[in-house]
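Student: File follows, input_28.txt with compact mmCIF, C-alpha atoms and all ligand atoms:
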```txt
# COMPACT_ATOMS: atom_id res chain seq x y z
CA MET S 1 -75.55 2.83 46.32
CA VAL S 2 -73.85 4.20 43.22
CA GLY S 3 -72.51 7.77 43.40
CA PRO S 4 -71.29 8.91 39.98
CA GLU S 5 -73.05 8.76 36.62
CA GLN S 6 -70.43 6.97 34.52
CA PRO S 7 -70.80 3.47 36.07
CA LEU S 8 -74.59 3.84 35.96
CA VAL S 9 -74.49 4.61 32.25
CA GLU S 10 -72.12 1.64 31.79
CA GLY S 11 -74.59 -0.73 33.49
CA VAL S 12 -73.28 -1.49 36.98
CA VAL S 13 -76.85 -1.81 38.26
CA ASP S 14 -77.83 -4.29 35.54
CA ARG S 15 -74.81 -6.44 36.42
CA PHE S 16 -75.60 -6.46 40.14
CA LEU S 17 -79.22 -7.35 39.48
CA ALA S 18 -78.22 -10.14 37.08
CA ALA S 19 -76.00 -11.54 39.85
CA GLY S 20 -78.87 -11.36 42.36
CA ARG S 21 -77.23 -8.61 44.42
CA LYS S 22 -78.87 -5.60 46.01
CA ILE S 23 -78.07 -2.15 44.65
CA VAL S 24 -79.62 1.31 44.62
CA GLY S 25 -79.41 3.02 41.25
CA PRO S 26 -81.01 3.07 37.81
CA THR S 27 -80.43 0.54 35.04
CA ALA S 28 -78.27 1.60 32.09
CA ALA S 29 -81.43 2.15 30.06
CA ASN S 30 -82.79 4.58 32.66
CA ALA S 31 -79.42 6.25 33.28
CA ARG S 32 -79.67 7.44 29.66
CA LEU S 33 -82.02 10.10 31.04
CA GLU S 34 -78.82 11.72 32.28
CA GLY S 35 -76.35 10.19 29.83
CA SER S 36 -77.90 11.57 26.65
CA LYS S 37 -79.46 15.02 26.43
CA ILE S 38 -81.08 14.13 23.10
CA PHE S 39 -82.67 10.97 24.51
CA ALA S 40 -83.79 12.93 27.57
CA LYS S 41 -85.42 15.78 25.65
CA GLN S 42 -87.19 13.32 23.36
CA PHE S 43 -88.42 11.46 26.46
CA PHE S 44 -89.76 14.72 27.99
CA ALA S 45 -91.58 15.50 24.75
CA LYS S 46 -93.05 12.01 24.47
CA HIS S 47 -94.39 12.11 28.03
CA ALA S 48 -95.55 15.75 27.91
CA ILE S 49 -93.15 16.74 30.69
CA PRO S 50 -92.85 20.54 30.85
CA THR S 51 -89.47 21.62 29.47
CA ALA S 52 -87.80 24.33 27.34
CA ARG S 53 -88.75 24.33 23.63
CA PHE S 54 -85.93 22.63 21.75
CA LEU S 55 -84.64 21.07 18.60
CA VAL S 56 -81.88 18.60 17.87
CA ALA S 57 -79.23 19.70 15.36
CA GLU S 58 -77.40 16.72 13.83
CA THR S 59 -74.60 18.79 12.31
CA GLN S 60 -72.88 22.12 13.01
CA ALA S 61 -74.30 23.46 9.75
CA ALA S 62 -77.83 22.52 10.82
CA ALA S 63 -77.27 24.20 14.19
CA LEU S 64 -76.11 27.42 12.49
CA ASP S 65 -79.14 27.30 10.16
CA ALA S 66 -81.51 26.83 13.09
CA LEU S 67 -80.15 29.73 15.18
CA PRO S 68 -82.70 32.29 13.88
CA GLN S 69 -85.51 30.10 15.25
CA PHE S 70 -84.44 31.04 18.80
CA ASP S 71 -84.42 34.33 20.67
CA LEU S 72 -81.28 35.30 22.55
CA PRO S 73 -79.96 34.08 24.87
CA VAL S 74 -80.07 30.58 23.37
CA VAL S 75 -78.89 27.43 25.16
CA LEU S 76 -76.62 24.85 23.45
CA LYS S 77 -75.97 21.41 24.91
CA VAL S 78 -73.73 18.53 23.87
CA ASP S 79 -75.40 15.14 23.82
CA GLY S 80 -73.23 13.03 26.17
CA LEU S 81 -71.89 13.23 29.73
CA ALA S 82 -69.77 16.33 30.25
CA ALA S 83 -69.43 16.76 34.04
CA GLY S 84 -71.61 19.87 33.99
CA LYS S 85 -69.49 21.55 31.34
CA GLY S 86 -71.32 20.67 28.13
CA VAL S 87 -73.84 23.50 28.26
CA ILE S 88 -73.32 27.03 26.93
CA VAL S 89 -75.78 29.86 27.38
CA ALA S 90 -75.02 32.15 24.43
CA ARG S 91 -76.10 35.76 24.89
CA THR S 92 -75.24 37.08 21.41
CA ALA S 93 -75.35 35.60 17.92
CA ALA S 94 -71.52 35.69 17.82
CA GLU S 95 -71.36 33.77 21.10
CA ALA S 96 -73.85 31.22 19.77
CA LYS S 97 -71.78 30.67 16.62
CA ALA S 98 -68.59 30.28 18.66
CA ALA S 99 -70.39 27.83 21.00
CA ILE S 100 -71.52 25.71 18.06
CA GLU S 101 -67.90 25.56 16.85
CA THR S 102 -66.64 24.60 20.32
CA LEU S 103 -69.30 22.03 21.17
CA GLY S 104 -69.52 20.28 17.81
CA ALA S 105 -72.53 18.13 16.87
CA PRO S 106 -75.04 16.65 17.49
CA LEU S 107 -76.40 19.39 19.74
CA VAL S 108 -79.57 20.20 21.61
CA MET S 109 -80.56 23.83 21.03
CA GLU S 110 -83.16 25.23 23.35
CA GLU S 111 -85.09 28.23 24.53
CA PHE S 112 -83.58 30.12 27.48
CA LEU S 113 -85.82 29.92 30.55
CA GLU S 114 -85.95 32.60 33.24
CA GLY S 115 -86.54 31.86 36.87
CA GLU S 116 -85.03 30.34 39.97
CA GLU S 117 -83.18 27.06 39.56
CA VAL S 118 -84.08 24.29 41.99
CA SER S 119 -82.67 20.78 42.50
CA PHE S 120 -85.42 18.37 43.50
CA ILE S 121 -84.34 14.79 44.15
CA VAL S 122 -86.39 11.71 44.98
CA LEU S 123 -85.43 8.18 45.99
CA SER S 124 -87.50 5.69 44.00
CA ASP S 125 -87.93 1.93 44.22
CA GLY S 126 -89.55 1.71 40.77
CA LYS S 127 -93.09 2.19 42.07
CA SER S 128 -93.05 4.62 45.01
CA CYS S 129 -90.77 7.51 45.72
CA VAL S 130 -89.78 9.63 48.68
CA PRO S 131 -88.67 13.23 48.11
CA LEU S 132 -85.53 14.72 49.63
CA GLU S 133 -85.49 18.35 50.75
CA PRO S 134 -85.11 20.88 47.91
CA CYS S 135 -81.78 22.56 47.21
CA GLN S 136 -80.36 25.35 45.11
CA ASP S 137 -77.01 24.77 43.42
CA HIS S 138 -74.76 27.57 42.09
CA LYS S 139 -73.38 26.38 38.76
CA ALA S 140 -71.53 29.42 37.46
CA ALA S 141 -67.87 29.78 38.45
CA LEU S 142 -68.04 33.40 39.66
CA ASP S 143 -70.13 35.53 42.03
CA GLY S 144 -73.42 36.85 40.67
CA ASP S 145 -73.79 33.78 38.43
CA GLN S 146 -71.06 35.07 36.12
CA GLY S 147 -68.45 33.03 34.27
CA PRO S 148 -68.60 29.53 32.80
CA ASN S 149 -70.75 26.68 34.11
CA THR S 150 -69.11 24.22 36.49
CA GLY S 151 -70.15 20.99 38.19
CA GLY S 152 -71.42 23.13 41.13
CA MET S 153 -69.80 25.86 43.26
CA GLY S 154 -71.99 25.57 46.34
CA ALA S 155 -75.54 24.83 47.43
CA TYR S 156 -78.03 25.29 50.21
CA CYS S 157 -80.88 23.10 51.35
CA ASP S 158 -83.91 24.88 52.78
CA SER S 159 -87.51 23.71 52.95
CA ARG S 160 -88.66 27.22 51.92
CA ILE S 161 -87.23 26.73 48.41
CA LEU S 162 -90.48 25.05 47.31
CA THR S 163 -94.04 25.56 48.55
CA ASN S 164 -96.12 22.43 49.11
CA SER S 165 -98.08 23.21 45.97
CA ASP S 166 -94.90 23.60 43.89
CA THR S 167 -93.68 20.25 45.21
CA GLN S 168 -96.98 18.60 44.37
CA ARG S 169 -96.94 20.04 40.87
CA ILE S 170 -93.37 18.83 40.26
CA VAL S 171 -94.24 15.34 41.48
CA ASP S 172 -97.44 15.21 39.42
CA THR S 173 -96.12 16.63 36.13
CA ILE S 174 -92.47 15.52 36.12
CA ILE S 175 -91.55 12.83 38.66
CA GLU S 176 -94.58 10.50 38.61
CA PRO S 177 -94.89 10.32 34.81
CA THR S 178 -91.19 9.45 34.59
CA ILE S 179 -91.29 6.73 37.23
CA ARG S 180 -94.47 5.29 35.70
CA ALA S 181 -92.91 5.17 32.22
CA THR S 182 -89.53 3.76 33.27
CA GLN S 183 -89.93 2.00 36.66
CA PHE S 184 -86.96 4.17 37.58
CA THR S 185 -84.99 2.90 40.59
CA GLY S 186 -82.44 4.93 42.54
CA PHE S 187 -82.13 8.71 42.79
CA LEU S 188 -83.99 10.75 40.22
CA TYR S 189 -82.72 14.32 40.29
CA ALA S 190 -84.83 16.94 38.54
CA GLY S 191 -82.91 20.12 37.66
CA LEU S 192 -85.79 22.59 37.43
CA MET S 193 -86.41 26.16 36.39
CA MET S 194 -89.27 27.71 38.36
CA THR S 195 -90.70 29.90 35.58
CA SER S 196 -93.72 32.21 35.62
CA ALA S 197 -95.52 29.39 33.77
CA GLY S 198 -94.66 26.86 36.49
CA PRO S 199 -91.82 24.39 37.03
CA LYS S 200 -89.99 23.26 33.88
CA LEU S 201 -87.45 20.48 33.67
CA LEU S 202 -83.96 21.46 32.49
CA GLU S 203 -82.45 18.04 32.98
CA PHE S 204 -82.60 14.80 34.89
CA ASN S 205 -79.63 13.35 36.67
CA ALA S 206 -79.76 9.67 37.54
CA ARG S 207 -78.02 10.09 40.91
CA LEU S 208 -77.70 12.38 43.90
CA GLY S 209 -76.28 15.80 43.05
CA ASP S 210 -72.94 17.23 44.01
CA PRO S 211 -72.89 19.54 46.03
CA GLU S 212 -76.58 18.91 46.81
CA THR S 213 -75.72 15.66 48.62
CA GLN S 214 -73.52 17.47 51.11
CA VAL S 215 -76.30 19.86 52.21
CA ILE S 216 -79.01 17.17 52.11
CA MET S 217 -76.97 14.78 54.25
CA HIS S 218 -76.26 17.57 56.71
CA ARG S 219 -79.99 17.88 57.40
CA MET S 220 -81.04 14.24 57.28
CA GLN S 221 -81.93 12.57 60.58
CA SER S 222 -83.36 9.23 59.41
CA ASN S 223 -81.49 5.96 59.13
CA TRP S 224 -80.05 6.17 55.62
CA GLY S 225 -79.09 2.49 55.45
CA ASP S 226 -82.64 1.49 56.27
CA LEU S 227 -84.02 3.71 53.50
CA LEU S 228 -81.55 2.37 50.93
CA LEU S 229 -82.38 -1.20 51.87
CA ARG S 230 -86.09 -0.51 51.50
CA ALA S 231 -85.42 1.06 48.08
CA ALA S 232 -83.29 -1.92 46.98
CA ASN S 233 -86.03 -4.32 48.13
CA GLY S 234 -88.78 -2.43 46.27
CA ASP S 235 -90.33 -1.73 49.65
CA LEU S 236 -90.25 2.08 50.04
CA GLY S 237 -94.04 2.21 50.45
CA ASP S 238 -94.89 5.48 52.21
CA ALA S 239 -91.45 5.94 53.82
CA GLN S 240 -90.88 9.38 55.32
CA ILE S 241 -87.56 11.06 56.03
CA GLU S 242 -86.90 13.13 59.17
CA TRP S 243 -85.05 16.42 58.61
CA ASN S 244 -83.33 19.03 60.75
CA GLU S 245 -85.46 22.17 60.75
CA GLY S 246 -82.64 24.63 60.03
CA PRO S 247 -81.11 25.10 56.57
CA SER S 248 -77.65 23.92 55.57
CA LEU S 249 -75.18 25.51 53.18
CA CYS S 250 -72.04 24.36 51.44
CA VAL S 251 -69.23 26.26 49.72
CA VAL S 252 -67.08 24.44 47.15
CA LEU S 253 -63.37 25.27 47.13
CA THR S 254 -61.87 24.85 43.68
CA ALA S 255 -58.43 24.84 42.11
CA GLY S 256 -57.54 28.14 40.42
CA GLY S 257 -58.54 28.03 36.74
CA TYR S 258 -61.31 25.44 37.10
CA PRO S 259 -63.44 24.72 35.03
CA GLY S 260 -60.58 25.45 32.62
CA PRO S 261 -57.08 23.96 33.03
CA PHE S 262 -55.81 23.87 36.63
CA ALA S 263 -52.82 22.59 38.60
CA ARG S 264 -52.77 19.64 41.00
CA GLY S 265 -50.52 18.78 43.93
CA HIS S 266 -50.81 21.96 46.03
CA ARG S 267 -50.66 21.33 49.77
CA ILE S 268 -53.96 21.89 51.62
CA ALA S 269 -53.87 23.41 55.13
CA GLY S 270 -56.56 24.13 57.71
CA ILE S 271 -59.08 21.30 57.41
CA ALA S 272 -58.80 20.46 61.12
CA GLY S 273 -59.37 24.12 61.99
CA ALA S 274 -62.45 24.27 59.78
CA GLN S 275 -63.87 21.13 61.41
CA ALA S 276 -63.09 22.57 64.85
CA SER S 277 -65.11 25.67 63.92
CA GLY S 278 -68.13 23.37 63.47
CA ALA S 279 -68.10 22.91 59.69
CA THR S 280 -68.06 19.52 57.98
CA VAL S 281 -65.43 19.32 55.25
CA PHE S 282 -66.23 16.85 52.46
CA GLN S 283 -63.25 15.93 50.30
CA ALA S 284 -63.49 15.50 46.53
CA GLY S 285 -60.42 16.39 44.43
CA THR S 286 -57.79 15.55 47.05
CA ALA S 287 -54.95 13.05 47.37
CA ARG S 288 -52.37 12.05 49.97
CA GLU S 289 -48.71 12.81 49.28
CA GLY S 290 -46.71 11.44 52.18
CA ALA S 291 -48.04 13.19 55.28
CA ASP S 292 -49.66 15.96 53.23
CA LEU S 293 -53.10 16.31 51.77
CA VAL S 294 -52.83 17.90 48.31
CA THR S 295 -55.22 19.16 45.64
CA ASN S 296 -56.00 16.57 42.98
CA GLY S 297 -59.02 17.83 41.03
CA GLY S 298 -61.03 20.89 40.02
CA ARG S 299 -63.51 20.84 42.85
CA VAL S 300 -61.31 20.14 45.86
CA LEU S 301 -63.39 20.47 49.06
CA ALA S 302 -67.00 21.19 50.04
CA VAL S 303 -67.25 23.06 53.36
CA THR S 304 -70.71 22.51 54.82
CA ALA S 305 -72.55 23.81 57.88
CA GLY S 306 -76.04 24.20 59.30
CA GLY S 307 -77.70 26.92 61.35
CA GLU S 308 -81.04 27.98 62.75
CA ASP S 309 -81.57 30.20 59.72
CA LEU S 310 -79.85 30.59 56.34
CA GLN S 311 -77.74 33.53 57.52
CA LYS S 312 -76.31 31.45 60.40
CA ALA S 313 -75.73 28.43 58.16
CA ARG S 314 -73.89 30.66 55.74
CA ASP S 315 -71.82 32.39 58.45
CA ASN S 316 -70.87 28.97 59.83
CA ALA S 317 -69.88 27.60 56.42
CA TYR S 318 -67.77 30.66 55.52
CA ALA S 319 -66.14 30.59 58.98
CA GLY S 320 -64.98 27.10 58.07
CA VAL S 321 -63.82 28.23 54.62
CA SER S 322 -61.71 31.03 56.14
CA GLN S 323 -59.57 28.42 57.94
CA ILE S 324 -58.54 26.63 54.75
CA SER S 325 -55.76 27.55 52.35
CA PHE S 326 -54.00 26.18 49.28
CA GLU S 327 -52.29 27.82 46.32
CA GLY S 328 -54.82 29.03 43.74
CA LEU S 329 -57.83 28.51 46.06
CA HIS S 330 -61.04 29.90 44.55
CA TYR S 331 -64.60 29.97 45.86
CA ARG S 332 -67.78 31.97 45.45
CA ARG S 333 -68.61 34.44 48.22
CA ASP S 334 -72.31 34.64 47.48
CA ILE S 335 -73.64 31.12 48.09
CA GLY S 336 -77.18 31.41 49.46
CA SER S 337 -77.62 35.08 48.58
CA LYS S 338 -80.85 34.59 46.64
CA GLY S 339 -82.48 32.76 49.55
CA LEU S 340 -81.25 35.38 52.03
CA ARG S 341 -82.77 38.18 49.98
CA ARG S 342 -86.02 36.31 49.51
CA TRP S 343 -86.78 34.99 53.00
CA GLU S 344 -84.56 36.79 55.43
CA GLN S 345 -84.71 40.25 53.79
CA VAL S 346 -80.94 40.52 53.94
CA ASN S 347 -79.70 43.48 51.92
CA LEU S 348 -76.56 42.24 50.15
P1 LIG W 1 -78.16 21.20 32.35
O1 LIG W 1 -76.93 20.34 32.41
O2 LIG W 1 -79.07 20.89 31.24
O3 LIG W 1 -78.86 21.30 33.69
O4 LIG W 1 -77.62 22.67 32.14
C1 LIG W 1 -76.63 23.22 33.00
C2 LIG W 1 -77.02 24.60 33.45
O5 LIG W 1 -77.23 25.46 32.32
C3 LIG W 1 -78.34 24.63 34.19
O6 LIG W 1 -78.17 24.33 35.54
C4 LIG W 1 -78.78 26.07 33.96
O7 LIG W 1 -78.10 26.95 34.82
C5 LIG W 1 -78.32 26.34 32.56
N1 LIG W 1 -79.42 26.02 31.62
C6 LIG W 1 -79.59 24.84 30.97
N2 LIG W 1 -80.69 24.90 30.18
C7 LIG W 1 -81.22 26.13 30.34
C8 LIG W 1 -82.36 26.80 29.78
N3 LIG W 1 -83.16 26.23 28.88
N4 LIG W 1 -82.60 28.06 30.18
C9 LIG W 1 -81.79 28.68 31.08
N5 LIG W 1 -80.70 28.10 31.62
C10 LIG W 1 -80.41 26.85 31.26
N1 LIG W 2 -75.06 19.79 41.18
C1 LIG W 2 -75.34 19.33 39.88
C2 LIG W 2 -75.01 17.93 39.63
O1 LIG W 2 -74.67 17.17 40.51
O2 LIG W 2 -75.10 17.55 38.47
```
The structure given in the file should be rewritten as structure tokens.

Tutor:
Amino acid sequence: MVGPEQPLVEGVVDRFLAAGRKIVGPTAANARLEGSKIFAKQFFAKHAIPTARFLVAETQAAALDALPQFDLPVVLKVDGLAAGKGVIVARTAAEAKAAIETLGAPLVMEEFLEGEEVSFIVLSDGKSCVPLEPCQDHKAALDGDQGPNTGGMGAYCDSRILTNSDTQRIVDTIIEPTIRATQFTGFLYAGLMMTSAGPKLLEFNARLGDPETQVIMHRMQSNWGDLLLRAANGDLGDAQIEWNEGPSLCVVLTAGGYPGPFARGHRIAGIAGAQASGATVFQAGTAREGADLVTNGGRVLAVTAGGEDLQKARDNAYAGVSQISFEGLHYRRDIGSKGLRRWEQVNL
């Protein structure tokens, strides 16, 4: 099973298949759904998949010329892989002009959509697919969805995020048409905006999400190896996945400054304490330096916990976070707030 997008885009799945080996992931051709925003938007248009109105600007001058065709805020996206950092939501004309200068060309320019963001991921064997539980990521660096976009600052996984009818509509209008057109294999991740006009697709990823994986895995009860083998064999059929009832929640601990420049090599303390408190600590940007564990990336750790309701899952995750320290440590304090307000009437 392939984790990150870069080897998928470079064709690791094609090479395994050519060698007669089993693998779970999309071909390079299908990984372009994530690897190129222009290709992806043109694919959505061709297959009538609901998405934000857009145009492709080939040059910076064309992007500047096209600005008046969009209301503010307007969304600007670079074409290629950018680790979650190639998208700018510009709230003023000055911001939009600055974003065009920063991002360069070609660019996708698109209508800003309002609503709740949802990550909906399925495992597909090219014909059939099995959905994973829905999640909500928190992409902005700061509390209250302020600050620049990141690769993900935290997530929760809760079956209440989508009603059955929402799920059906997403599968019917977005997932099924894509699998039918591409025989997509592997994890197809739909980044959705739940708008007043129904679910619209912001982007596809061709893999599991980060930090969605952490919260999904925390709730999964089924035999993962068995599911992957069935997917690799084209034998998913009507596979079902068993889930823990209670939600799970994960808080990402980042290096100070991320997603801008940040330092590496700061000693990390407290992981054992966090695990002892009942949280699961997934490591990402870490390295060993002698006997020490040190920071070695922007997103350093993902502290994850479950609970009988979202409030308990959140309390458990933040109890784990409070055990951990390193120089420059930053995290959001409001992961899960939207869900708490919506379903558990928590006044925050
Ligand atoms: P993307 O990589 O396309 O998912 O964009 C990254 C993030 O930018 C998304 O998760 C949203 O938070 C935001 N975003 C992207 N496109 C739009 C849009 N059309 N309207 C509102 N927000 C958007
Ligand atoms: N959490 C968003 C991503 O993995 O792209």

Student: One decimal, in Å: what's the spacing between CA of Gly225 in chain S and CA of Phe16 in chain S?

Tutor: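 For CA of Gly225 in chain S relative to CA of Phe16 in chain S, the distance reads 18.1 Å.
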
Student: Please produce, as a Markdown table, a per-residue contact table for chain S versus ligand LIG 1 (chain W) (criterion: any atom at most 8 Å away, only C-alpha atoms and all ligand atoms considered), showing the nearest atom pair and its distance in Å to one decimal, sorted by chain then residue number.

Tutor:
```
| residue | atom | partner | partner_atom | distance |
| --- | --- | --- | --- | --- |
| S:Lys37 | CA | W:LIG1 | O2 | 7.6 |
| S:Thr51 | CA | W:LIG1 | N3 | 7.8 |
| S:Ala52 | CA | W:LIG1 | N3 | 5.2 |
| S:Arg53 | CA | W:LIG1 | N3 | 7.9 |
| S:Val74 | CA | W:LIG1 | N3 | 7.7 |
| S:Val75 | CA | W:LIG1 | N3 | 5.8 |
| S:Leu76 | CA | W:LIG1 | N2 | 7.9 |
| S:Lys77 | CA | W:LIG1 | O2 | 7.1 |
| S:Gly84 | CA | W:LIG1 | O1 | 5.6 |
| S:Lys85 | CA | W:LIG1 | C1 | 7.5 |
| S:Gly86 | CA | W:LIG1 | O1 | 7.1 |
| S:Val87 | CA | W:LIG1 | O4 | 5.5 |
| S:Ile88 | CA | W:LIG1 | O5 | 6.8 |
| S:Val89 | CA | W:LIG1 | N5 | 6.7 |
| S:Glu110 | CA | W:LIG1 | N3 | 5.6 |
| S:Glu111 | CA | W:LIG1 | N3 | 5.2 |
| S:Phe112 | CA | W:LIG1 | N4 | 3.5 |
| S:Leu113 | CA | W:LIG1 | N4 | 3.7 |
| S:Glu114 | CA | W:LIG1 | C9 | 6.1 |
| S:Glu117 | CA | W:LIG1 | O7 | 6.9 |
| S:Asp137 | CA | W:LIG1 | O6 | 8.0 |
| S:Lys139 | CA | W:LIG1 | O6 | 6.1 |
| S:Ala140 | CA | W:LIG1 | O7 | 7.5 |
| S:Asn149 | CA | W:LIG1 | C2 | 6.6 |
| S:Gly191 | CA | W:LIG1 | O3 | 5.8 |
| S:Leu192 | CA | W:LIG1 | O3 | 8.0 |
| S:Met193 | CA | W:LIG1 | C9 | 7.5 |
| S:Leu202 | CA | W:LIG1 | O2 | 5.1 |
| S:Glu203 | CA | W:LIG1 | O2 | 4.8 |
| S:Phe204 | CA | W:LIG1 | O3 | 7.6 |
```

Student: Sorted by chain and rising residue number, which residues of chain S lie within 9 Å of ligand LIG 2 (chain W), and what are their closest atom pairs and distances in Å to one decimal, counting all atoms listed in the file, as JSON lines?

Tutor:
```
{"residue": "S:Pro4", "atom": "CA", "partner": "W:LIG2", "partner_atom": "O1", "distance": 8.9}
{"residue": "S:Ala83", "atom": "CA", "partner": "W:LIG2", "partner_atom": "O2", "distance": 7.2}
{"residue": "S:Gly84", "atom": "CA", "partner": "W:LIG2", "partner_atom": "O2", "distance": 6.1}
{"residue": "S:Ser119", "atom": "CA", "partner": "W:LIG2", "partner_atom": "N1", "distance": 7.8}
{"residue": "S:Gln136", "atom": "CA", "partner": "W:LIG2", "partner_atom": "N1", "distance": 8.6}
{"residue": "S:Asp137", "atom": "CA", "partner": "W:LIG2", "partner_atom": "N1", "distance": 5.8}
{"residue": "S:His138", "atom": "CA", "partner": "W:LIG2", "partner_atom": "N1", "distance": 7.8}
{"residue": "S:Lys139", "atom": "CA", "partner": "W:LIG2", "partner_atom": "N1", "distance": 7.2}
{"residue": "S:Thr150", "atom": "CA", "partner": "W:LIG2", "partner_atom": "C1", "distance": 8.6}
{"residue": "S:Gly151", "atom": "CA", "partner": "W:LIG2", "partner_atom": "C1", "distance": 5.7}
{"residue": "S:Gly152", "atom": "CA", "partner": "W:LIG2", "partner_atom": "N1", "distance": 4.9}
{"residue": "S:Met153", "atom": "CA", "partner": "W:LIG2", "partner_atom": "N1", "distance": 8.3}
{"residue": "S:Gly154", "atom": "CA", "partner": "W:LIG2", "partner_atom": "N1", "distance": 8.3}
{"residue": "S:Ala155", "atom": "CA", "partner": "W:LIG2", "partner_atom": "N1", "distance": 8.0}
{"residue": "S:Tyr189", "atom": "CA", "partner": "W:LIG2", "partner_atom": "O2", "distance": 8.5}
{"residue": "S:Gly191", "atom": "CA", "partner": "W:LIG2", "partner_atom": "C1", "distance": 7.9}
{"residue": "S:Phe204", "atom": "CA", "partner": "W:LIG2", "partner_atom": "O2", "distance": 8.8}
{"residue": "S:Asn205", "atom": "CA", "partner": "W:LIG2", "partner_atom": "O2", "distance": 6.4}
{"residue": "S:Arg207", "atom": "CA", "partner": "W:LIG2", "partner_atom": "O1", "distance": 7.8}
{"residue": "S:Leu208", "atom": "CA", "partner": "W:LIG2", "partner_atom": "O1", "distance": 6.6}
{"residue": "S:Gly209", "atom": "CA", "partner": "W:LIG2", "partner_atom": "O1", "distance": 3.3}
{"residue": "S:Asp210", "atom": "CA", "partner": "W:LIG2", "partner_atom": "O1", "distance": 3.9}
{"residue": "S:Pro211", "atom": "CA", "partner": "W:LIG2", "partner_atom": "N1", "distance": 5.3}
{"residue": "S:Glu212", "atom": "CA", "partner": "W:LIG2", "partner_atom": "N1", "distance": 5.9}
{"residue": "S:Thr213", "atom": "CA", "partner": "W:LIG2", "partner_atom": "O1", "distance": 8.3}
```

Student: Show me as a tab-separated table (two decimals) with C-alpha atoms, keeping the file's coordinate frame the residues that reach within 7 Å of (-59.4, 24.7, 57.2), counting only C-alpha atoms and using the file's own coordinates.

Tutor:
```
chain	number	residue	atom	x	y	z
S	269	ALA	CA	-53.87	23.41	55.13
S	270	GLY	CA	-56.56	24.13	57.71
S	271	ILE	CA	-59.08	21.30	57.41
S	272	ALA	CA	-58.80	20.46	61.12
S	273	GLY	CA	-59.37	24.12	61.99
S	274	ALA	CA	-62.45	24.27	59.78
S	320	GLY	CA	-64.98	27.10	58.07
S	321	VAL	CA	-63.82	28.23	54.62
S	322	SER	CA	-61.71	31.03	56.14
S	323	GLN	CA	-59.57	28.42	57.94
S	324	ILE	CA	-58.54	26.63	54.75
S	325	SER	CA	-55.76	27.55	52.35
```

Student: Out of S:Thr163, S:Asn347, S:Thr304, S:Asn316, which residue has the shortest atom-to-atom distance to Met217 in chain S when counting only C-alpha atoms?

Tutor: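 Nearest to Met217 in chain S: S:Thr304.
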
Student: Fewer than 6 positions away in the same chain doesn't count, so skip those; otherwise give me all residues within 10 Å of Arg180 in chain S, counting only C-alpha atoms, as JSON, numbers by chain.

Tutor: {"S": [126, 127, 128]}
